[in-house]
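Worksheet: one structure, shown below.
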Amino acid sequence: MDAIGGIRGVVESLLPGLVFVIGFVTTRNLGLTIIVAAALAGLELILRLVQRQSIMGALSGVAAVGICLVWAWFSNDARNYYLPGFITNACWIVVLLLSIAVRIPGIGALVEFIRNPAVTQLSTWLNAWRSDKPLYRAYTKVTFLWCAIFALRLAIQLPLYVTEQIAYLGTARLVMGIPLFALTIWLSWLMLATPLHIHRRSEEQAEIQETDIVKRRTDESSVDDK
């Protein structure tokens with residue numbers, strides 16, 4: 001729930017898209033629908049500012065909705081509200097598959113960077129988790145899982161886009177947005193929890209051993225000096 005911004009984050013993410021699909025299907029007025037959806041996204045941001053809350057999530061949401069609305073507006077086609085999402089999904093599939101091909105699973109790199117940001121000694125950082133075979137295999141499987149999710153989105157939504165089924169396309173986008181994202185995070189955690197826990201324990205033990213060695217050498221050096 002923290003990752004998706006809690007209940008409020010879910011609502012703020014889903015509401016503009018829900019208003020867009022309901023508004024267009026009901027009125028068939030693309031201009032009016034775009035204005036209402038844009039105003040709603042802007043209102044969410046303003047409320048965050050007034051309440052002095054973090055605006056990063058709302059700001060990124062406004063940016064994403066804004067790109068979709070602009071695309072639909074200039075193409076004069078309501079379907080194109082969903083086109084940036086197709087491009088994003090396709091890009092993620094390519095990036096993640098390439099990461100697996102070069103033996104640096106994308107989800108693994110992301111998780112490890114969050115755990116321990118690598119700004120120097122990149123090869124040491126990579127080797128620290130890639131050399132743990134159970135963890136590496138888990139990261140690879142989870143990366144494949146995310147590829148499958150992005151591919152599933154395209155497989156279901158692209159035919160609806162081509163056949164101009166706006167209502168079904170909008171519904172599929174909402175269901176396969178935050179709800180599917182949250183489910184995938186949960187499944188990813190189930191797959192990673194055990195090997196990641198074991199890896200952390202190994203890191204802690206290695207740090208303890210290194211500290212003991214340094215302390216022993218310091219003690220020996222002090223004795224020699226005396």
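Each chain of the structure tokens is named A, B, ... in the order shown, its residues numbered from 1; ligands are numbered from 1 in display order.
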(Q) Residues of stretch 61-132 of chain A classed as alpha helix (DSSP H) by DSSP on the backbone are to be reported as a PyMOL selection string. (A) chain A and resi 61-75+83-101+106-115+122-130
Could you name the residues that touch A:Leu40 at 12 Å or less, counting only C-alpha atoms, but leaving out those on the same chain fewer than 2 positions away, as a CSV table (one decimal) with all heavy atoms, in the first residue's frame?
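Writing the result to result-v3.csv gives the following:
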chain,number,residue,atom,x,y,z
A,11,VAL,N,-6.9,6.1,-5.4
A,11,VAL,CA,-8.1,6.9,-5.9
A,11,VAL,C,-7.5,8.0,-6.9
A,11,VAL,O,-8.1,8.2,-8.0
A,11,VAL,CB,-8.8,7.6,-4.7
A,11,VAL,CG1,-9.8,8.6,-5.3
A,11,VAL,CG2,-9.5,6.5,-3.9
A,12,GLU,N,-6.5,8.6,-6.5
A,12,GLU,CA,-5.9,9.7,-7.4
A,12,GLU,C,-5.4,9.1,-8.7
A,12,GLU,O,-5.5,9.8,-9.7
A,12,GLU,CB,-4.8,10.4,-6.6
A,12,GLU,CG,-5.2,11.3,-5.5
A,12,GLU,CD,-4.1,12.0,-4.8
A,12,GLU,OE1,-2.9,11.5,-4.9
A,12,GLU,OE2,-4.3,13.0,-4.1
A,13,SER,N,-4.9,7.9,-8.7
A,13,SER,CA,-4.4,7.3,-9.9
A,13,SER,C,-5.6,6.9,-10.8
A,13,SER,O,-5.5,7.0,-12.0
A,13,SER,CB,-3.6,6.1,-9.5
A,13,SER,OG,-3.1,5.4,-10.7
A,14,LEU,N,-6.6,6.3,-10.2
A,14,LEU,CA,-7.7,5.7,-11.0
A,14,LEU,C,-8.7,6.8,-11.5
A,14,LEU,O,-9.3,6.6,-12.6
A,14,LEU,CB,-8.4,4.7,-10.2
A,14,LEU,CG,-7.6,3.4,-9.9
A,14,LEU,CD1,-8.5,2.4,-9.1
A,14,LEU,CD2,-7.1,2.7,-11.1
A,15,LEU,N,-8.9,7.8,-10.7
A,15,LEU,CA,-10.1,8.7,-10.9
A,15,LEU,C,-10.0,9.4,-12.3
A,15,LEU,O,-11.0,9.4,-13.0
A,15,LEU,CB,-10.2,9.7,-9.8
A,15,LEU,CG,-11.6,10.4,-9.6
A,15,LEU,CD1,-12.6,9.3,-9.5
A,15,LEU,CD2,-11.6,11.3,-8.4
A,16,PRO,N,-8.9,10.1,-12.7
A,16,PRO,CA,-8.9,10.8,-14.0
A,16,PRO,C,-9.2,9.8,-15.2
A,16,PRO,O,-10.0,10.2,-16.1
A,16,PRO,CB,-7.5,11.3,-14.1
A,16,PRO,CG,-7.1,11.5,-12.7
A,16,PRO,CD,-7.6,10.3,-12.0
A,17,GLY,N,-8.7,8.6,-15.1
A,17,GLY,CA,-8.9,7.7,-16.2
A,17,GLY,C,-10.4,7.2,-16.2
A,17,GLY,O,-11.0,7.0,-17.3
A,18,LEU,N,-10.9,7.0,-15.0
A,18,LEU,CA,-12.3,6.6,-14.9
A,18,LEU,C,-13.2,7.7,-15.4
A,18,LEU,O,-14.2,7.4,-16.1
A,18,LEU,CB,-12.6,6.3,-13.4
A,18,LEU,CG,-14.0,5.8,-13.1
A,18,LEU,CD1,-14.4,4.5,-13.8
A,18,LEU,CD2,-14.2,5.7,-11.6
A,19,VAL,N,-13.0,8.9,-15.0
A,19,VAL,CA,-13.8,10.0,-15.5
A,19,VAL,C,-13.7,10.2,-17.0
A,19,VAL,O,-14.7,10.4,-17.7
A,19,VAL,CB,-13.3,11.3,-14.8
A,19,VAL,CG1,-13.9,12.6,-15.5
A,19,VAL,CG2,-13.7,11.3,-13.4
A,20,PHE,N,-12.5,9.9,-17.6
A,20,PHE,CA,-12.3,10.1,-19.0
A,20,PHE,C,-13.1,9.1,-19.8
A,20,PHE,O,-13.9,9.4,-20.7
A,20,PHE,CB,-10.8,9.9,-19.4
A,20,PHE,CG,-10.5,10.0,-20.9
A,20,PHE,CD1,-10.3,11.2,-21.4
A,20,PHE,CD2,-10.5,8.8,-21.7
A,20,PHE,CE1,-10.1,11.3,-22.8
A,20,PHE,CE2,-10.3,8.9,-23.0
A,20,PHE,CZ,-10.1,10.2,-23.6
A,33,THR,N,-14.6,16.0,-22.4
A,33,THR,CA,-14.1,15.0,-21.6
A,33,THR,C,-12.6,15.3,-21.2
A,33,THR,O,-12.3,15.1,-20.0
A,33,THR,CB,-14.1,13.6,-22.3
A,33,THR,OG1,-15.5,13.3,-22.7
A,33,THR,CG2,-13.6,12.5,-21.5
A,34,ILE,N,-11.9,15.8,-22.1
A,34,ILE,CA,-10.5,16.1,-21.8
A,34,ILE,C,-10.4,17.2,-20.8
A,34,ILE,O,-9.6,17.1,-19.9
A,34,ILE,CB,-9.7,16.5,-23.1
A,34,ILE,CG1,-9.5,15.2,-24.0
A,34,ILE,CG2,-8.4,17.2,-22.8
A,34,ILE,CD1,-8.9,15.5,-25.3
A,35,ILE,N,-11.2,18.2,-20.9
A,35,ILE,CA,-11.2,19.3,-20.0
A,35,ILE,C,-11.5,18.9,-18.6
A,35,ILE,O,-10.9,19.3,-17.6
A,35,ILE,CB,-12.2,20.4,-20.5
A,35,ILE,CG1,-11.6,21.1,-21.7
A,35,ILE,CG2,-12.4,21.5,-19.4
A,35,ILE,CD1,-12.6,22.1,-22.4
A,36,VAL,N,-12.6,18.0,-18.5
A,36,VAL,CA,-13.0,17.6,-17.1
A,36,VAL,C,-11.9,16.7,-16.5
A,36,VAL,O,-11.6,16.9,-15.3
A,36,VAL,CB,-14.3,16.8,-17.2
A,36,VAL,CG1,-14.7,16.1,-15.9
A,36,VAL,CG2,-15.5,17.7,-17.7
A,37,ALA,N,-11.3,15.8,-17.3
A,37,ALA,CA,-10.3,14.9,-16.7
A,37,ALA,C,-9.1,15.7,-16.3
A,37,ALA,O,-8.5,15.4,-15.3
A,37,ALA,CB,-9.9,13.8,-17.8
A,38,ALA,N,-8.7,16.7,-17.1
A,38,ALA,CA,-7.5,17.5,-16.8
A,38,ALA,C,-7.8,18.3,-15.6
A,38,ALA,O,-6.9,18.5,-14.7
A,38,ALA,CB,-7.2,18.4,-18.0
A,42,GLY,N,-5.7,18.2,-12.1
A,42,GLY,CA,-5.2,19.4,-11.5
A,42,GLY,C,-5.7,19.7,-10.1
A,42,GLY,O,-5.0,20.1,-9.2
A,43,LEU,N,-7.0,19.4,-9.8
A,43,LEU,CA,-7.6,19.6,-8.5
A,43,LEU,C,-6.9,18.7,-7.5
A,43,LEU,O,-6.7,19.1,-6.3
A,43,LEU,CB,-9.1,19.3,-8.6
A,43,LEU,CG,-9.9,19.4,-7.3
A,43,LEU,CD1,-9.8,20.8,-6.8
A,43,LEU,CD2,-11.3,19.0,-7.5
A,44,GLU,N,-6.6,17.4,-7.9
A,44,GLU,CA,-5.9,16.5,-7.0
A,44,GLU,C,-4.6,17.1,-6.5
A,44,GLU,O,-4.2,17.1,-5.3
A,44,GLU,CB,-5.7,15.2,-7.6
A,44,GLU,CG,-7.0,14.4,-7.9
A,44,GLU,CD,-6.7,13.1,-8.7
A,44,GLU,OE1,-5.6,12.9,-9.2
A,44,GLU,OE2,-7.6,12.3,-8.7
A,45,LEU,N,-3.9,17.7,-7.5
A,45,LEU,CA,-2.6,18.3,-7.1
A,45,LEU,C,-2.7,19.6,-6.2
A,45,LEU,O,-2.0,19.7,-5.3
A,45,LEU,CB,-1.9,18.8,-8.4
A,45,LEU,CG,-0.5,19.4,-8.3
A,45,LEU,CD1,0.5,18.5,-7.6
A,45,LEU,CD2,0.1,19.8,-9.6
A,46,ILE,N,-3.7,20.4,-6.5
A,46,ILE,CA,-4.0,21.6,-5.7
A,46,ILE,C,-4.4,21.2,-4.3
A,46,ILE,O,-3.9,21.8,-3.3
A,46,ILE,CB,-5.1,22.4,-6.3
A,46,ILE,CG1,-4.6,23.0,-7.6
A,46,ILE,CG2,-5.6,23.5,-5.4
A,46,ILE,CD1,-5.7,23.7,-8.4
A,47,LEU,N,-5.2,20.1,-4.1
A,47,LEU,CA,-5.5,19.7,-2.8
A,47,LEU,C,-4.3,19.3,-2.0
A,47,LEU,O,-4.2,19.5,-0.8
A,47,LEU,CB,-6.5,18.5,-2.9
A,47,LEU,CG,-8.0,18.9,-3.3
A,47,LEU,CD1,-8.8,17.7,-3.4
A,47,LEU,CD2,-8.6,19.8,-2.2
A,58,ALA,N,1.3,12.9,-6.8
A,58,ALA,CA,0.2,13.6,-7.6
A,58,ALA,C,0.8,14.3,-8.8
A,58,ALA,O,0.2,14.3,-9.9
A,58,ALA,CB,-0.5,14.6,-6.7
A,61,GLY,N,1.4,11.8,-11.4
A,61,GLY,CA,0.1,11.4,-12.0
A,61,GLY,C,-0.4,12.4,-13.0
A,61,GLY,O,-0.9,12.1,-14.0
A,62,VAL,N,-0.3,13.7,-12.6
A,62,VAL,CA,-0.8,14.8,-13.5
A,62,VAL,C,0.0,14.8,-14.8
A,62,VAL,O,-0.5,15.0,-15.9
A,62,VAL,CB,-0.6,16.2,-12.8
A,62,VAL,CG1,-0.8,17.3,-13.7
A,62,VAL,CG2,-1.6,16.3,-11.6
A,65,VAL,N,-1.2,11.8,-16.9
A,65,VAL,CA,-2.5,12.1,-17.5
A,65,VAL,C,-2.4,13.2,-18.5
A,65,VAL,O,-3.1,13.1,-19.6
A,65,VAL,CB,-3.5,12.5,-16.3
A,65,VAL,CG1,-4.8,13.0,-16.9
A,65,VAL,CG2,-3.8,11.3,-15.4
A,66,GLY,N,-1.6,14.2,-18.2
A,66,GLY,CA,-1.4,15.3,-19.2
A,66,GLY,C,-0.9,14.8,-20.5
A,66,GLY,O,-1.4,15.2,-21.6
Once you count only C-alpha atoms, what closest atom pair and distance in Å to one decimal does each residue of stretch 35-104 of chain A within 9 Å of stretch 133-143 of chain A have, with rows by chain and rising residue number, as CSV?
residue,atom,partner,partner_atom,distance
A:Leu96,CA,A:Thr143,CA,6.6
A:Leu97,CA,A:Thr143,CA,8.1
A:Ser99,CA,A:Thr143,CA,8.8
A:Ile100,CA,A:Thr140,CA,6.7
A:Arg103,CA,A:Thr140,CA,8.5
A:Ile104,CA,A:Thr140,CA,8.3
Q.
So the first atom is atom CA of A:Ser75 and the second is atom CA of A:Leu180; what is the distance between them in Å, to one decimal place?
A.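 Rounded to one decimal, the two atoms are 28.6 Å apart.
Residue nearest A:Leu158, chosen from A:Asn89, A:Asn116, A:Ser123, A:Gln209 and counting only C-alpha atoms: A:Asn89.
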Q | Residue with smallest distance to A:Tyr81 - pool A:Gly108, A:Pro195, A:Gly9, A:Gly170, counting only C-alpha atoms | A |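 When distances to A:Tyr81 are compared using only C-alpha atoms, the smallest one comes from A:Gly170.
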(Q) Between atom CA of A:Thr184 and atom CA of A:Ala148, what distance in Å does the model show, to one decimal? (A)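 These atoms are spaced 10.3 Å apart.
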Q: Could you give me, as a PyMOL selection string, the residues within 12 Å of A:Tyr161, counting only C-alpha atoms and dropping anything in the same chain fewer than 3 positions from it?
A: chain A and resi 77-83+85-86+153-158+164-173
Q: State, in Å with one decimal place, the distance from atom CA of A:Phe113 to atom CA of A:Leu145.
A: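 According to the coordinates, atom CA of A:Phe113 and atom CA of A:Leu145 are separated by 19.4 Å.
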